[in-house]
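Peer 1: My structure is in upload.cif, and what it holds is mmCIF, C-alpha atoms, pLDDT in the B column; chains and numbers go by the auth columns:
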```cif
data_upload
#
loop_
_atom_site.group_PDB
_atom_site.id
_atom_site.type_symbol
_atom_site.label_atom_id
_atom_site.label_comp_id
_atom_site.label_asym_id
_atom_site.label_seq_id
_atom_site.Cartn_x
_atom_site.Cartn_y
_atom_site.Cartn_z
_atom_site.B_iso_or_equiv
_atom_site.auth_seq_id
_atom_site.auth_asym_id
ATOM 1 C CA MET A 1 5.724 -18.811 -13.491 68.00 305 A
ATOM 2 C CA ASN A 2 6.933 -16.636 -16.333 78.00 306 A
ATOM 3 C CA SER A 3 10.201 -14.817 -15.680 84.00 307 A
ATOM 4 C CA ALA A 4 9.788 -12.328 -18.550 87.00 308 A
ATOM 5 C CA ALA A 5 6.445 -11.246 -17.070 87.00 309 A
ATOM 6 C CA PHE A 6 8.121 -10.971 -13.664 88.00 310 A
ATOM 7 C CA VAL A 7 10.854 -8.642 -14.976 90.00 311 A
ATOM 8 C CA VAL A 8 8.381 -6.428 -16.868 91.00 312 A
ATOM 9 C CA ILE A 9 6.009 -6.120 -13.904 91.00 313 A
ATOM 10 C CA ALA A 10 8.873 -5.493 -11.459 92.00 314 A
ATOM 11 C CA ILE A 11 10.345 -2.676 -13.576 93.00 315 A
ATOM 12 C CA LEU A 12 6.912 -1.092 -14.121 93.00 316 A
ATOM 13 C CA THR A 13 5.921 -1.277 -10.446 93.00 317 A
ATOM 14 C CA LEU A 14 9.198 0.001 -9.035 93.00 318 A
ATOM 15 C CA ALA A 15 9.510 2.825 -11.595 94.00 319 A
ATOM 16 C CA ALA A 16 5.944 3.962 -10.877 93.00 320 A
ATOM 17 C CA ALA A 17 6.518 3.746 -7.116 92.00 321 A
ATOM 18 C CA LEU A 18 9.734 5.770 -7.387 91.00 322 A
ATOM 19 C CA ALA A 19 7.924 8.370 -9.500 90.00 323 A
ATOM 20 C CA ALA A 20 5.072 8.487 -6.936 88.00 324 A
ATOM 21 C CA ALA A 21 7.614 9.089 -4.175 85.00 325 A
ATOM 22 C CA SER A 22 9.708 11.723 -5.937 84.00 326 A
ATOM 23 C CA LEU A 23 7.655 13.744 -8.453 84.00 327 A
ATOM 24 C CA PRO A 24 7.134 17.342 -7.287 82.00 328 A
ATOM 25 C CA LYS A 25 3.573 17.673 -8.585 83.00 329 A
ATOM 26 C CA LEU A 26 1.091 15.912 -6.352 84.00 330 A
ATOM 27 C CA ILE A 27 -1.370 14.989 -9.102 87.00 331 A
ATOM 28 C CA HIS A 28 1.384 13.235 -11.111 88.00 332 A
ATOM 29 C CA ALA A 29 2.413 11.376 -7.975 88.00 333 A
ATOM 30 C CA ALA A 30 -1.192 10.239 -7.403 89.00 334 A
ATOM 31 C CA LEU A 31 -1.487 8.886 -10.954 91.00 335 A
ATOM 32 C CA ASN A 32 1.839 7.046 -10.637 92.00 336 A
ATOM 33 C CA PHE A 33 0.598 5.659 -7.324 92.00 337 A
ATOM 34 C CA ALA A 34 -2.349 4.110 -9.214 93.00 338 A
ATOM 35 C CA VAL A 35 0.046 2.585 -11.784 93.00 339 A
ATOM 36 C CA ALA A 36 2.226 1.152 -9.002 93.00 340 A
ATOM 37 C CA PHE A 37 -0.819 -0.499 -7.446 93.00 341 A
ATOM 38 C CA ILE A 38 -1.851 -1.993 -10.779 94.00 342 A
ATOM 39 C CA GLY A 39 1.679 -3.459 -10.880 93.00 343 A
ATOM 40 C CA VAL A 40 1.284 -4.961 -7.395 93.00 344 A
ATOM 41 C CA ALA A 41 -2.059 -6.447 -8.497 93.00 345 A
ATOM 42 C CA ALA A 42 -0.282 -7.956 -11.516 93.00 346 A
ATOM 43 C CA PHE A 43 2.195 -9.582 -9.081 91.00 347 A
ATOM 44 C CA PHE A 44 -0.758 -11.100 -7.222 92.00 348 A
ATOM 45 C CA PHE A 45 -2.087 -12.502 -10.494 91.00 349 A
ATOM 46 C CA LEU A 46 1.370 -13.906 -11.274 89.00 350 A
ATOM 47 C CA LEU A 47 1.470 -15.573 -7.858 87.00 351 A
ATOM 48 C CA GLY A 48 -1.905 -17.261 -8.377 85.00 352 A
ATOM 49 C CA ALA A 49 -3.945 -15.108 -5.997 86.00 353 A
ATOM 50 C CA GLU A 50 -6.344 -13.738 -8.611 88.00 354 A
ATOM 51 C CA PHE A 51 -9.030 -12.736 -6.129 90.00 355 A
ATOM 52 C CA VAL A 52 -6.614 -10.596 -4.085 91.00 356 A
ATOM 53 C CA GLY A 53 -5.370 -8.983 -7.311 92.00 357 A
ATOM 54 C CA LEU A 54 -8.924 -8.046 -8.253 92.00 358 A
ATOM 55 C CA VAL A 55 -9.625 -6.712 -4.766 91.00 359 A
ATOM 56 C CA GLN A 56 -6.412 -4.688 -4.968 91.00 360 A
ATOM 57 C CA VAL A 57 -7.492 -3.095 -8.270 92.00 361 A
ATOM 58 C CA PHE A 58 -11.020 -2.361 -6.986 91.00 362 A
ATOM 59 C CA VAL A 59 -9.977 -0.962 -3.622 90.00 363 A
ATOM 60 C CA TYR A 60 -6.771 0.901 -4.485 89.00 364 A
ATOM 61 C CA VAL A 61 -7.135 2.011 -8.083 89.00 365 A
ATOM 62 C CA GLY A 62 -10.916 2.346 -7.872 88.00 366 A
ATOM 63 C CA ALA A 63 -11.331 3.915 -4.445 89.00 367 A
ATOM 64 C CA VAL A 64 -8.145 5.042 -2.694 90.00 368 A
ATOM 65 C CA ALA A 65 -6.502 6.657 -5.745 89.00 369 A
ATOM 66 C CA VAL A 66 -9.743 8.509 -6.588 90.00 370 A
ATOM 67 C CA LEU A 67 -10.021 9.602 -2.941 89.00 371 A
ATOM 68 C CA ILE A 68 -6.447 10.931 -3.043 90.00 372 A
ATOM 69 C CA VAL A 69 -7.195 12.885 -6.231 89.00 373 A
ATOM 70 C CA PHE A 70 -10.334 14.315 -4.559 88.00 374 A
ATOM 71 C CA THR A 71 -8.303 15.406 -1.542 87.00 375 A
ATOM 72 C CA ILE A 72 -5.696 17.011 -3.791 87.00 376 A
ATOM 73 C CA LEU A 73 -8.433 18.986 -5.542 87.00 377 A
ATOM 74 C CA LEU A 74 -10.004 20.034 -2.215 83.00 378 A
ATOM 75 C CA THR A 75 -6.674 21.211 -0.757 81.00 379 A
ATOM 76 C CA ARG A 76 -5.680 22.871 -3.934 75.00 380 A
ATOM 77 C CA ARG A 77 -3.931 25.918 -2.536 66.00 381 A
ATOM 78 C CA ASP A 78 -0.537 24.272 -2.190 60.00 382 A
ATOM 79 C CA VAL A 79 -0.302 21.310 -4.508 55.00 383 A
ATOM 80 C CA GLN A 80 3.386 21.984 -5.093 59.00 384 A
ATOM 81 C CA ASP A 81 5.995 20.332 -2.964 56.00 385 A
ATOM 82 C CA THR A 82 9.585 21.524 -3.025 58.00 386 A
ATOM 83 C CA GLY A 83 10.367 18.216 -4.737 56.00 387 A
ATOM 84 C CA LYS A 84 13.474 17.842 -2.637 64.00 388 A
ATOM 85 C CA LEU A 85 13.999 14.610 -0.763 66.00 389 A
ATOM 86 C CA SER A 86 15.625 15.226 2.578 75.00 390 A
ATOM 87 C CA TRP A 87 18.982 13.558 3.214 81.00 391 A
ATOM 88 C CA GLY A 88 17.983 12.051 6.557 84.00 392 A
ATOM 89 C CA GLY A 89 15.011 10.222 5.066 84.00 393 A
ATOM 90 C CA ALA A 90 17.052 8.996 2.104 87.00 394 A
ATOM 91 C CA ILE A 91 19.817 7.666 4.365 90.00 395 A
ATOM 92 C CA ILE A 92 17.335 5.836 6.616 91.00 396 A
ATOM 93 C CA ALA A 93 15.509 4.359 3.599 90.00 397 A
ATOM 94 C CA ILE A 94 18.779 3.158 2.021 92.00 398 A
ATOM 95 C CA ALA A 95 19.931 1.699 5.346 93.00 399 A
ATOM 96 C CA VAL A 96 16.644 -0.210 5.765 93.00 400 A
ATOM 97 C CA PHE A 97 16.886 -1.433 2.176 92.00 401 A
ATOM 98 C CA GLY A 98 20.466 -2.601 2.741 94.00 402 A
ATOM 99 C CA GLY A 99 19.479 -4.403 5.922 93.00 403 A
ATOM 100 C CA LEU A 100 16.551 -6.182 4.255 92.00 404 A
ATOM 101 C CA LEU A 101 18.670 -7.124 1.235 91.00 405 A
ATOM 102 C CA TRP A 102 21.410 -8.490 3.494 92.00 406 A
ATOM 103 C CA ALA A 103 18.886 -10.597 5.440 91.00 407 A
ATOM 104 C CA ILE A 104 17.347 -11.959 2.215 89.00 408 A
ATOM 105 C CA ARG A 105 20.780 -12.793 0.771 87.00 409 A
ATOM 106 C CA LYS A 106 21.912 -14.551 3.945 87.00 410 A
ATOM 107 C CA THR A 107 18.935 -16.926 4.052 83.00 411 A
ATOM 108 C CA PRO A 108 19.534 -19.878 1.711 79.00 412 A
ATOM 109 C CA ALA A 109 16.087 -21.385 2.395 77.00 413 A
ATOM 110 C CA LEU A 110 14.501 -18.558 0.404 74.00 414 A
ATOM 111 C CA SER A 111 15.979 -19.527 -2.975 74.00 415 A
ATOM 112 C CA ILE A 112 13.264 -22.039 -3.801 74.00 416 A
ATOM 113 C CA ALA A 113 11.087 -22.357 -6.866 74.00 417 A
ATOM 114 C CA ALA A 114 7.316 -22.282 -6.606 73.00 418 A
ATOM 115 C CA PRO A 115 5.610 -25.644 -5.977 74.00 419 A
ATOM 116 C CA GLN A 116 2.596 -26.709 -7.974 74.00 420 A
ATOM 117 C CA ILE A 117 -0.638 -25.563 -6.379 75.00 421 A
ATOM 118 C CA GLU A 118 -4.255 -26.213 -7.084 75.00 422 A
ATOM 119 C CA ALA A 119 -6.021 -23.045 -8.183 77.00 423 A
ATOM 120 C CA LEU A 120 -7.431 -21.001 -5.302 81.00 424 A
ATOM 121 C CA THR A 121 -11.046 -20.503 -6.291 84.00 425 A
ATOM 122 C CA VAL A 122 -13.297 -17.723 -5.031 86.00 426 A
ATOM 123 C CA LYS A 123 -15.620 -20.440 -3.743 89.00 427 A
ATOM 124 C CA ARG A 124 -12.891 -21.741 -1.454 88.00 428 A
ATOM 125 C CA ILE A 125 -12.015 -18.228 -0.239 88.00 429 A
ATOM 126 C CA GLY A 126 -15.691 -17.582 0.498 89.00 430 A
ATOM 127 C CA GLY A 127 -15.968 -20.869 2.373 89.00 431 A
ATOM 128 C CA VAL A 128 -12.927 -20.122 4.527 89.00 432 A
ATOM 129 C CA LEU A 129 -14.141 -16.556 5.187 88.00 433 A
ATOM 130 C CA MET A 130 -17.484 -17.857 6.425 90.00 434 A
ATOM 131 C CA THR A 131 -16.036 -20.630 8.621 90.00 435 A
ATOM 132 C CA ASP A 132 -12.508 -20.119 9.983 89.00 436 A
ATOM 133 C CA TYR A 133 -12.339 -16.349 9.546 91.00 437 A
ATOM 134 C CA VAL A 134 -15.870 -15.323 10.467 92.00 438 A
ATOM 135 C CA TRP A 135 -14.811 -13.393 13.605 93.00 439 A
ATOM 136 C CA PRO A 136 -12.084 -11.388 11.849 92.00 440 A
ATOM 137 C CA LEU A 137 -14.623 -10.677 9.089 92.00 441 A
ATOM 138 C CA GLN A 138 -17.106 -9.260 11.612 94.00 442 A
ATOM 139 C CA CYS A 139 -14.361 -7.194 13.241 94.00 443 A
ATOM 140 C CA VAL A 140 -13.341 -5.747 9.854 93.00 444 A
ATOM 141 C CA GLY A 141 -16.979 -4.883 9.186 93.00 445 A
ATOM 142 C CA LEU A 142 -17.154 -3.039 12.507 95.00 446 A
ATOM 143 C CA LEU A 143 -13.839 -1.302 11.790 94.00 447 A
ATOM 144 C CA LEU A 144 -15.003 -0.118 8.358 93.00 448 A
ATOM 145 C CA THR A 145 -18.237 1.240 9.853 94.00 449 A
ATOM 146 C CA ALA A 146 -16.250 3.056 12.548 94.00 450 A
ATOM 147 C CA ALA A 147 -13.879 4.476 9.899 93.00 451 A
ATOM 148 C CA LEU A 148 -16.838 5.687 7.820 92.00 452 A
ATOM 149 C CA ILE A 149 -18.467 7.452 10.785 92.00 453 A
ATOM 150 C CA GLY A 150 -15.107 8.778 12.017 90.00 454 A
ATOM 151 C CA ALA A 151 -14.247 10.253 8.617 89.00 455 A
ATOM 152 C CA LEU A 152 -17.654 11.944 8.429 89.00 456 A
ATOM 153 C CA ILE A 153 -17.275 13.417 11.927 88.00 457 A
ATOM 154 C CA LEU A 154 -13.739 14.647 11.189 84.00 458 A
ATOM 155 C CA VAL A 155 -14.810 16.421 8.017 83.00 459 A
ATOM 156 C CA MET A 156 -18.148 17.800 9.293 80.00 460 A
ATOM 157 C CA GLU A 157 -16.982 19.145 12.655 61.00 461 A
ATOM 158 C CA ASP A 158 -15.741 22.479 11.367 54.00 462 A
ATOM 159 C CA ARG A 159 -18.846 23.330 9.420 52.00 463 A
ATOM 160 C CA GLU A 160 -21.072 23.020 12.516 53.00 464 A
ATOM 161 C CA GLU A 161 -18.860 25.391 14.493 52.00 465 A
ATOM 162 C CA GLY A 162 -18.448 27.995 11.823 45.00 466 A
ATOM 163 C CA MET B 1 14.724 -19.788 -14.987 58.00 843 B
ATOM 164 C CA THR B 2 11.573 -19.083 -13.044 75.00 844 B
ATOM 165 C CA PRO B 3 11.505 -16.377 -10.372 79.00 845 B
ATOM 166 C CA THR B 4 12.328 -17.647 -6.887 81.00 846 B
ATOM 167 C CA LEU B 5 10.968 -16.460 -3.560 85.00 847 B
ATOM 168 C CA GLN B 6 14.134 -14.382 -3.111 86.00 848 B
ATOM 169 C CA LEU B 7 13.355 -12.235 -6.161 88.00 849 B
ATOM 170 C CA PHE B 8 9.848 -11.470 -4.897 89.00 850 B
ATOM 171 C CA LEU B 9 11.256 -10.526 -1.508 91.00 851 B
ATOM 172 C CA VAL B 10 13.836 -8.228 -3.135 91.00 852 B
ATOM 173 C CA VAL B 11 11.088 -6.480 -5.131 92.00 853 B
ATOM 174 C CA SER B 12 8.959 -6.094 -2.020 93.00 854 B
ATOM 175 C CA ALA B 13 11.924 -4.797 0.019 94.00 855 B
ATOM 176 C CA THR B 14 12.581 -2.198 -2.706 93.00 856 B
ATOM 177 C CA LEU B 15 8.918 -1.173 -2.703 93.00 857 B
ATOM 178 C CA PHE B 16 8.986 -0.869 1.095 94.00 858 B
ATOM 179 C CA SER B 17 12.129 1.300 0.994 94.00 859 B
ATOM 180 C CA ILE B 18 10.592 3.597 -1.641 93.00 860 B
ATOM 181 C CA GLY B 19 7.503 3.964 0.567 92.00 861 B
ATOM 182 C CA LEU B 20 9.693 4.684 3.591 92.00 862 B
ATOM 183 C CA LEU B 21 11.616 7.294 1.593 91.00 863 B
ATOM 184 C CA ALA B 22 8.350 8.998 0.600 89.00 864 B
ATOM 185 C CA ALA B 23 6.953 8.878 4.139 89.00 865 B
ATOM 186 C CA LEU B 24 10.103 10.206 5.793 89.00 866 B
ATOM 187 C CA SER B 25 11.397 12.827 3.413 86.00 867 B
ATOM 188 C CA ARG B 26 8.385 14.543 1.848 82.00 868 B
ATOM 189 C CA ARG B 27 6.756 17.435 3.660 81.00 869 B
ATOM 190 C CA HIS B 28 3.320 17.162 2.097 84.00 870 B
ATOM 191 C CA ALA B 29 0.746 15.213 4.145 86.00 871 B
ATOM 192 C CA ILE B 30 -0.722 13.400 1.126 87.00 872 B
ATOM 193 C CA PHE B 31 2.739 12.248 0.015 88.00 873 B
ATOM 194 C CA ILE B 32 3.232 10.732 3.466 89.00 874 B
ATOM 195 C CA LEU B 33 -0.052 8.812 3.091 91.00 875 B
ATOM 196 C CA ILE B 34 1.062 7.590 -0.354 91.00 876 B
ATOM 197 C CA GLY B 35 4.311 6.347 1.207 91.00 877 B
ATOM 198 C CA ILE B 36 2.428 4.478 3.944 92.00 878 B
ATOM 199 C CA GLU B 37 0.179 2.837 1.346 92.00 879 B
ATOM 200 C CA LEU B 38 3.256 1.727 -0.640 93.00 880 B
ATOM 201 C CA MET B 39 4.733 0.131 2.492 93.00 881 B
ATOM 202 C CA LEU B 40 1.451 -1.709 3.161 93.00 882 B
ATOM 203 C CA ALA B 41 1.405 -2.976 -0.432 93.00 883 B
ATOM 204 C CA ALA B 42 4.958 -4.305 0.014 94.00 884 B
ATOM 205 C CA ALA B 43 3.846 -6.188 3.138 94.00 885 B
ATOM 206 C CA ASN B 44 0.873 -7.688 1.253 93.00 886 B
ATOM 207 C CA LEU B 45 3.199 -8.806 -1.541 93.00 887 B
ATOM 208 C CA ASN B 46 5.305 -10.613 1.064 92.00 888 B
ATOM 209 C CA PHE B 47 2.263 -12.385 2.533 92.00 889 B
ATOM 210 C CA ILE B 48 1.126 -13.619 -0.893 91.00 890 B
ATOM 211 C CA ALA B 49 4.664 -14.648 -1.933 90.00 891 B
ATOM 212 C CA PHE B 50 5.221 -16.669 1.259 89.00 892 B
ATOM 213 C CA TRP B 51 1.820 -18.327 0.824 89.00 893 B
ATOM 214 C CA ARG B 52 2.614 -19.232 -2.810 87.00 894 B
ATOM 215 C CA PHE B 53 6.076 -20.637 -2.075 85.00 895 B
ATOM 216 C CA GLY B 54 5.127 -22.406 1.140 81.00 896 B
ATOM 217 C CA PRO B 55 4.634 -26.194 1.366 79.00 897 B
ATOM 218 C CA GLN B 56 1.477 -27.329 -0.412 72.00 898 B
ATOM 219 C CA PRO B 57 -1.336 -28.140 0.141 72.00 899 B
ATOM 220 C CA GLN B 58 -2.140 -25.674 2.907 76.00 900 B
ATOM 221 C CA PRO B 59 -5.031 -23.458 3.970 81.00 901 B
ATOM 222 C CA PRO B 60 -5.002 -20.033 2.213 85.00 902 B
ATOM 223 C CA THR B 61 -3.782 -18.164 5.299 87.00 903 B
ATOM 224 C CA GLY B 62 -1.540 -15.684 3.454 88.00 904 B
ATOM 225 C CA VAL B 63 -4.349 -14.768 1.071 90.00 905 B
ATOM 226 C CA MET B 64 -6.729 -14.175 3.983 91.00 906 B
ATOM 227 C CA ILE B 65 -4.246 -11.935 5.787 92.00 907 B
ATOM 228 C CA ALA B 66 -3.716 -9.948 2.577 92.00 908 B
ATOM 229 C CA ILE B 67 -7.484 -9.478 2.118 92.00 909 B
ATOM 230 C CA PHE B 68 -7.939 -8.240 5.696 93.00 910 B
ATOM 231 C CA SER B 69 -4.862 -6.049 5.386 93.00 911 B
ATOM 232 C CA ILE B 70 -6.283 -4.403 2.227 93.00 912 B
ATOM 233 C CA ALA B 71 -9.565 -3.706 4.052 92.00 913 B
ATOM 234 C CA ILE B 72 -7.746 -2.139 7.006 92.00 914 B
ATOM 235 C CA ALA B 73 -5.512 -0.108 4.678 92.00 915 B
ATOM 236 C CA ALA B 74 -8.621 1.276 2.988 91.00 916 B
ATOM 237 C CA ALA B 75 -10.069 2.340 6.348 92.00 917 B
ATOM 238 C CA GLU B 76 -6.723 3.948 7.260 92.00 918 B
ATOM 239 C CA ALA B 77 -6.603 5.878 3.977 91.00 919 B
ATOM 240 C CA VAL B 78 -10.149 7.194 4.464 91.00 920 B
ATOM 241 C CA VAL B 79 -9.488 8.445 7.992 91.00 921 B
ATOM 242 C CA GLY B 80 -6.073 9.847 7.016 90.00 922 B
ATOM 243 C CA LEU B 81 -7.433 11.834 4.094 90.00 923 B
ATOM 244 C CA ALA B 82 -10.330 13.116 6.233 89.00 924 B
ATOM 245 C CA MET B 83 -7.733 14.320 8.760 87.00 925 B
ATOM 246 C CA VAL B 84 -5.776 16.045 5.988 87.00 926 B
ATOM 247 C CA ILE B 85 -8.939 17.915 4.935 87.00 927 B
ATOM 248 C CA ALA B 86 -9.851 18.793 8.534 85.00 928 B
ATOM 249 C CA VAL B 87 -6.354 20.137 9.268 84.00 929 B
ATOM 250 C CA TYR B 88 -6.284 22.003 5.956 84.00 930 B
ATOM 251 C CA ARG B 89 -9.418 23.904 7.016 82.00 931 B
ATOM 252 C CA HIS B 90 -7.603 25.195 10.095 78.00 932 B
ATOM 253 C CA TYR B 91 -4.155 25.938 8.760 77.00 933 B
ATOM 254 C CA ARG B 92 -4.803 26.462 5.029 77.00 934 B
ATOM 255 C CA THR B 93 -1.763 24.284 4.291 75.00 935 B
ATOM 256 C CA THR B 94 -0.942 20.612 3.977 75.00 936 B
ATOM 257 C CA ASN B 95 2.741 20.980 4.824 77.00 937 B
ATOM 258 C CA VAL B 96 3.389 18.850 7.906 76.00 938 B
ATOM 259 C CA ASP B 97 6.158 21.169 9.114 74.00 939 B
ATOM 260 C CA GLN B 98 3.555 23.846 9.773 73.00 940 B
ATOM 261 C CA PHE B 99 1.194 21.673 11.832 72.00 941 B
ATOM 262 C CA ASP B 100 2.934 22.706 15.014 72.00 942 B
ATOM 263 C CA GLN B 101 -0.080 22.530 17.319 72.00 943 B
ATOM 264 C CA LEU B 102 -3.142 20.317 17.337 65.00 944 B
ATOM 265 C CA LYS B 103 -5.281 22.488 19.655 62.00 945 B
ATOM 266 C CA GLY B 104 -8.395 23.486 17.726 53.00 946 B
#
```
Before anything else, please render the file you have as structure tokens.
Peer 2:
Amino acid sequence: MNSAAFVVIAILTLAAALAAASLPKLIHAALNFAVAFIGVAAFFFLLGAEFVGLVQVFVYVGAVAVLIVFTILLTRRDVQDTGKLSWGGAIIAIAVFGGLLWAIRKTPALSIAAPQIEALTVKRIGGVLMTDYVWPLQCVGLLLTAALIGALILVMEDREEG
Amino acid sequence: MTPTLQLFLVVSATLFSIGLLAALSRRHAIFILIGIELMLAAANLNFIAFWRFGPQPQPPTGVMIAIFSIAIAAAEAVVGLAMVIAVYRHYRTTNVDQFDQLKG
């Protein structure tokens, strides 16, 4: 695993995530959100989970980011936020970060290097999905159908009334 | 020096905290959704990192959980954004401070 690549990807991802969380203009935040997710996908590639990285790019950058931009355009009247981060939220976030960092530092078993692995092929993922994980797969299919119908009902309800 | 599991966990903890900051302190509904998505991405990064650094060989459990988690996050984003649009039609705003009643 390349440490230079790790540093570059980490800086890119965290800077984009911070920009997505703090920029006052919503459309800039949405674009930085897409960059942050490309960075997370690059981490997945670095960790040897290429298929998950590809899925991440397709689902988040291809679908969710575009959906967020659509919603911003549809609710255009107030795209400005005050841009101010509230103190309470910042204190809670810093406290959680400190707690997590403390727990990670205190656990010596975590400072291990990556073992050699055989490449995880898409064929193997497909095989496992169709054997061990076939029930979760069906449940996710049902859930996605329910989400599709639910989203349609939520958005169409008003038009029928008015 | 190659990156250890600790470094990945630190990056993912930072990503989670940034998402928490966005979800807690912004007043715009879409910003809150962006924060939730960032937190979910941090959790996925943890799953993949623990799978990669775990004893080998092993079944790809972490990868499977990450795939299912991405699918569920997509469903959550769709329903959340539909709710933002539905509420916007009523109140003509997306500021969560002004959604003070849910009665249609």
Peer 1: For the contact check between chain B and chain A, emit one row per residue of chain B within 6 Å, containing the shortest atom pair and the distance in Å rounded to one decimal, counting all atoms listed in the file, chain then rising number order, as CSV.
Peer 2:
```
residue,atom,partner,partner_atom,distance
B:Thr844,CA,A:Ser307,CA,5.2
B:Pro845,CA,A:Ser307,CA,5.7
B:Thr846,CA,A:Ala417,CA,4.9
B:Leu847,CA,A:Leu414,CA,5.7
B:Gln848,CA,A:Ser415,CA,5.5
B:Ser859,CA,A:Ala397,CA,5.3
B:Leu862,CA,A:Ala397,CA,5.8
B:Leu863,CA,A:Ala397,CA,5.3
B:Ala864,CA,A:Ala325,CA,4.8
B:Leu866,CA,A:Gly393,CA,5.0
B:Ser867,CA,A:Gly393,CA,4.8
B:Phe895,CA,A:Ala418,CA,5.0
B:Ala917,CA,A:Ala451,CA,5.6
B:Val921,CA,A:Ala455,CA,5.1
B:Ala924,CA,A:Ala455,CA,5.4
B:Ala928,CA,A:Val459,CA,5.5
```
Peer 1: In Å, with one decimal, what is the gap from CA of Met906 in chain B to CA of Phe889 in chain B?
Peer 2: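 We find that CA of Met906 in chain B and CA of Phe889 in chain B lie 9.3 Å from each other.
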Peer 1: Identify which of the residues B:Ile872, B:Ala865, B:Val938, B:Leu880 lies closest to Ala915 in chain B, counting only C-alpha atoms when measuring atom-to-atom distances.
Peer 2: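 Looking only at the distances to Ala915 in chain B, the closest residue turns out to be B:Leu880.
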Peer 1: With 5 Å on each side, where is the centre of the axis-aligned box around all listed atoms of range 865-882 of chain B, and how long are its edges in Å to one decimal, as AutoDock Vina command-line options?
Peer 2:
```
--center_x 5.3 --center_y 7.9 --center_z 2.6 --size_x 22.1 --size_y 29.1 --size_z 16.4
```
Peer 1: If you measure from CA of Ile912 in chain B to CA of Ala423 in chain A, what distance in Å do you get, rounded to one decimal?
Peer 2: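 These two atoms are separated by 21.4 Å.
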